[in-house]
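Printed here is final.pdb (PDB, C-alpha atoms):
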ATOM      1  CA  LEU A   1       0.178  19.953 -26.393
ATOM      2  CA  VAL A   2       2.904  17.443 -25.851
ATOM      3  CA  THR A   3       6.235  18.005 -27.533
ATOM      4  CA  SER A   4       8.553  15.258 -28.709
ATOM      5  CA  GLU A   5      10.967  16.352 -25.970
ATOM      6  CA  GLU A   6       8.288  15.800 -23.326
ATOM      7  CA  LEU A   7       7.454  12.382 -24.752
ATOM      8  CA  LYS A   8      11.144  11.468 -24.620
ATOM      9  CA  ARG A   9      11.253  12.376 -20.890
ATOM     10  CA  ARG A  10       8.337  10.005 -20.249
ATOM     11  CA  GLU A  11       9.998   6.987 -21.842
ATOM     12  CA  GLY A  12      10.377   4.151 -19.377
ATOM     13  CA  ILE A  13       8.077   5.820 -16.839
ATOM     14  CA  LEU A  14       4.581   5.071 -18.101
ATOM     15  CA  PRO A  15       3.878   1.621 -19.499
ATOM     16  CA  THR A  16       1.340   0.873 -22.202
ATOM     17  CA  ALA A  17      -1.439  -1.683 -22.164
ATOM     18  CA  GLU A  18       0.907  -3.960 -24.148
ATOM     19  CA  THR A  19       3.546  -3.879 -21.395
ATOM     20  CA  PRO A  20       4.064  -7.384 -19.970
ATOM     21  CA  PRO A  21       2.785  -7.664 -16.372
ATOM     22  CA  GLN A  22       6.219  -8.726 -15.113
ATOM     23  CA  SER A  23       7.591  -5.310 -16.224
ATOM     24  CA  VAL A  24       5.181  -3.253 -14.100
ATOM     25  CA  PRO A  25       7.408  -3.301 -10.959
ATOM     26  CA  GLU A  26      10.275  -1.775 -12.945
ATOM     27  CA  PHE A  27       8.027   0.954 -14.336
ATOM     28  CA  LEU A  28       6.750   1.724 -10.830
ATOM     29  CA  ARG A  29      10.312   1.874  -9.506
ATOM     30  CA  ARG A  30      11.334   4.337 -12.216
ATOM     31  CA  PHE A  31       8.267   6.460 -11.551
ATOM     32  CA  CYS A  32       8.988   6.471  -7.801
ATOM     33  CA  GLU A  33      12.576   7.540  -8.375
ATOM     34  CA  ARG A  34      11.408  10.516 -10.427
ATOM     35  CA  ALA A  35       8.632  11.421  -7.993
ATOM     36  CA  TRP A  36      10.636  10.913  -4.788
ATOM     37  CA  ARG A  37      13.840  12.373  -6.274
ATOM     38  CA  ARG A  38      16.066   9.560  -5.031
ATOM     39  CA  GLU A  39      17.004   5.937  -5.586
ATOM     40  CA  VAL A  40      14.249   3.532  -4.546
ATOM     41  CA  LYS A  41      14.730   0.061  -3.089
ATOM     42  CA  PRO A  42      12.563  -2.726  -4.562
ATOM     43  CA  ASP A  43      10.719  -3.339  -1.273
ATOM     44  CA  GLU A  44       9.632   0.317  -1.163
ATOM     45  CA  ILE A  45       7.265  -0.212  -4.079
ATOM     46  CA  ASP A  46       5.663  -3.397  -2.725
ATOM     47  CA  TYR A  47       2.677  -1.510  -1.277
ATOM     48  CA  TYR A  48       1.977   0.267  -4.578
ATOM     49  CA  LEU A  49       2.514  -2.880  -6.593
ATOM     50  CA  SER A  50       0.012  -4.730  -4.413
ATOM     51  CA  ALA A  51      -2.523  -1.931  -5.006
ATOM     52  CA  TYR A  52      -2.026  -2.383  -8.751
ATOM     53  CA  GLN A  53      -2.365  -6.157  -8.499
ATOM     54  CA  SER A  54      -5.497  -5.892  -6.335
ATOM     55  CA  GLU A  55      -7.148  -3.676  -8.925
ATOM     56  CA  ILE A  56      -6.291  -6.141 -11.695
ATOM     57  CA  GLU A  57      -7.713  -9.026  -9.643
ATOM     58  CA  LEU A  58     -10.922  -7.034  -9.127
ATOM     59  CA  GLY A  59     -11.321  -6.722 -12.891
ATOM     60  CA  GLU A  60     -10.042  -3.197 -13.510
ATOM     61  CA  ASP A  61      -8.275  -2.568 -16.776
ATOM     62  CA  PHE A  62      -4.537  -1.987 -16.946
ATOM     63  CA  THR A  63      -4.732   1.801 -17.113
ATOM     64  CA  GLN A  64      -7.040   2.179 -14.117
ATOM     65  CA  ALA A  65      -5.008  -0.279 -12.032
ATOM     66  CA  TYR A  66      -1.755   1.528 -12.829
ATOM     67  CA  MET A  67      -3.353   4.907 -12.062
ATOM     68  CA  THR A  68      -4.323   3.571  -8.631
ATOM     69  CA  ALA A  69      -0.672   2.775  -7.924
ATOM     70  CA  LEU A  70       0.455   6.184  -9.218
ATOM     71  CA  THR A  71      -2.119   7.946  -7.065
ATOM     72  CA  GLY A  72      -0.684   6.197  -4.022
ATOM     73  CA  ILE A  73       2.845   7.219  -4.961
ATOM     74  CA  LEU A  74       1.905  10.839  -5.569
ATOM     75  CA  THR A  75      -0.014  11.120  -2.295
ATOM     76  CA  SER A  76       2.634   9.427  -0.171
ATOM     77  CA  ARG A  77       4.641  11.421   2.333
ATOM     78  CA  LYS A  78       7.742  10.454   0.355
ATOM     79  CA  PHE A  79       6.439  12.624  -2.483
ATOM     80  CA  ILE A  80       4.819  15.428  -0.531
ATOM     81  CA  TYR A  81       7.714  15.978   1.888
ATOM     82  CA  CYS A  82      11.330  16.097   0.796
ATOM     83  CA  ILE A  83      13.682  15.871   3.744
ATOM     84  CA  GLU A  84      17.218  16.381   2.495
ATOM     85  CA  GLY A  85      19.643  13.659   3.498
ATOM     86  CA  ASP A  86      17.022  11.438   5.181
ATOM     87  CA  GLU A  87      17.073   8.006   3.540
ATOM     88  CA  THR A  88      14.009   6.809   5.495
ATOM     89  CA  TYR A  89      11.638   9.079   3.568
TER      90      TYR A  89
END
Re-express the file's structure as structure tokens.
Amino acid sequence: LVTSEELKRREGILPTAETPPQSVPEFLRRFCERAWRREVKPDEIDYYLSAYQSEIELGEDFTQAYMTALTGILTSRKFIYCIEGDETY
């Protein structure tokens, strides 16, 4: 079950199918910052954004394309390993 408090924590992290395509990079950035526990530079999400865009171009729906990007973020070394004080991770 999802509480209203949990839903509130998700605001601005997961877009909906109605989210304009130009807003997806901002949603990915916010998700990365939560997952990687640090501020994220715009160029750090380029790889994941291109995965999303490739899926869209191949005909996948919004949800599946976004999940592909999230899978990449959550399996990246920046998520799996947390090296304190190292800005390169």
Can you measure atom CA of A:Gln22 to atom CA of A:Pro42 for me? One decimal in Å is fine.
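One can read the atom CA of A:Gln22 to atom CA of A:Pro42 distance as 13.7 Å.
Shortest separation to A:Thr75 among A:Val40, A:Ala35, A:Leu28, A:Ile56 occurs at residue A:Ala35, atoms counted being all atoms listed in the file.
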Can you work out the spacing between atom CA of A:Val2 and atom CA of A:Glu60 in Å, to one decimal?
27.3 Å
Evaluated on this file, the PyMOL selection byres ((chain A and resi 29) around 10) picks out some residues - which ones are they, written as a ChimeraX atom specification?
/A:13,24-28,30-35,39-46,48-49
Which residues, written as a count of residues only, have at least one atom at most 12 Å from A:Phe79, with only C-alpha atoms counted and residues fewer than 2 positions away on the same chain left out?
20
Would you kindly return, as an MDAnalysis selection string, each protein, DNA or RNA residue with an atom no farther than 7 Å from any atom of stretch 14-18 of chain A, considering all atoms listed in the file and excluding same-chain residues fewer than 4 positions away?
chainID A and resid 10 27 62:63
Selected residues written out with C-alpha atoms, as a PDB file, in the frame of the given file:
ATOM      1  CA  ARG A  10       8.337  10.005 -20.249  1.00  0.00           C
ATOM      2  CA  PHE A  27       8.027   0.954 -14.336  1.00  0.00           C
ATOM      3  CA  PHE A  62      -4.537  -1.987 -16.946  1.00  0.00           C
ATOM      4  CA  THR A  63      -4.732   1.801 -17.113  1.00  0.00           C
TER       5      THR A  63
END
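Going from atom CA of A:Ser23 to atom CA of A:Ala51 covers 15.5 Å.
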As AutoDock Vina command-line options, what would the box around stretch 18-22 of chain A look like: edges along x, y and z, 5 Å added on every side, centre and edge lengths in Å to one decimal?
--center_x 3.6 --center_y -6.3 --center_z -19.6 --size_x 15.3 --size_y 14.8 --size_z 19.0
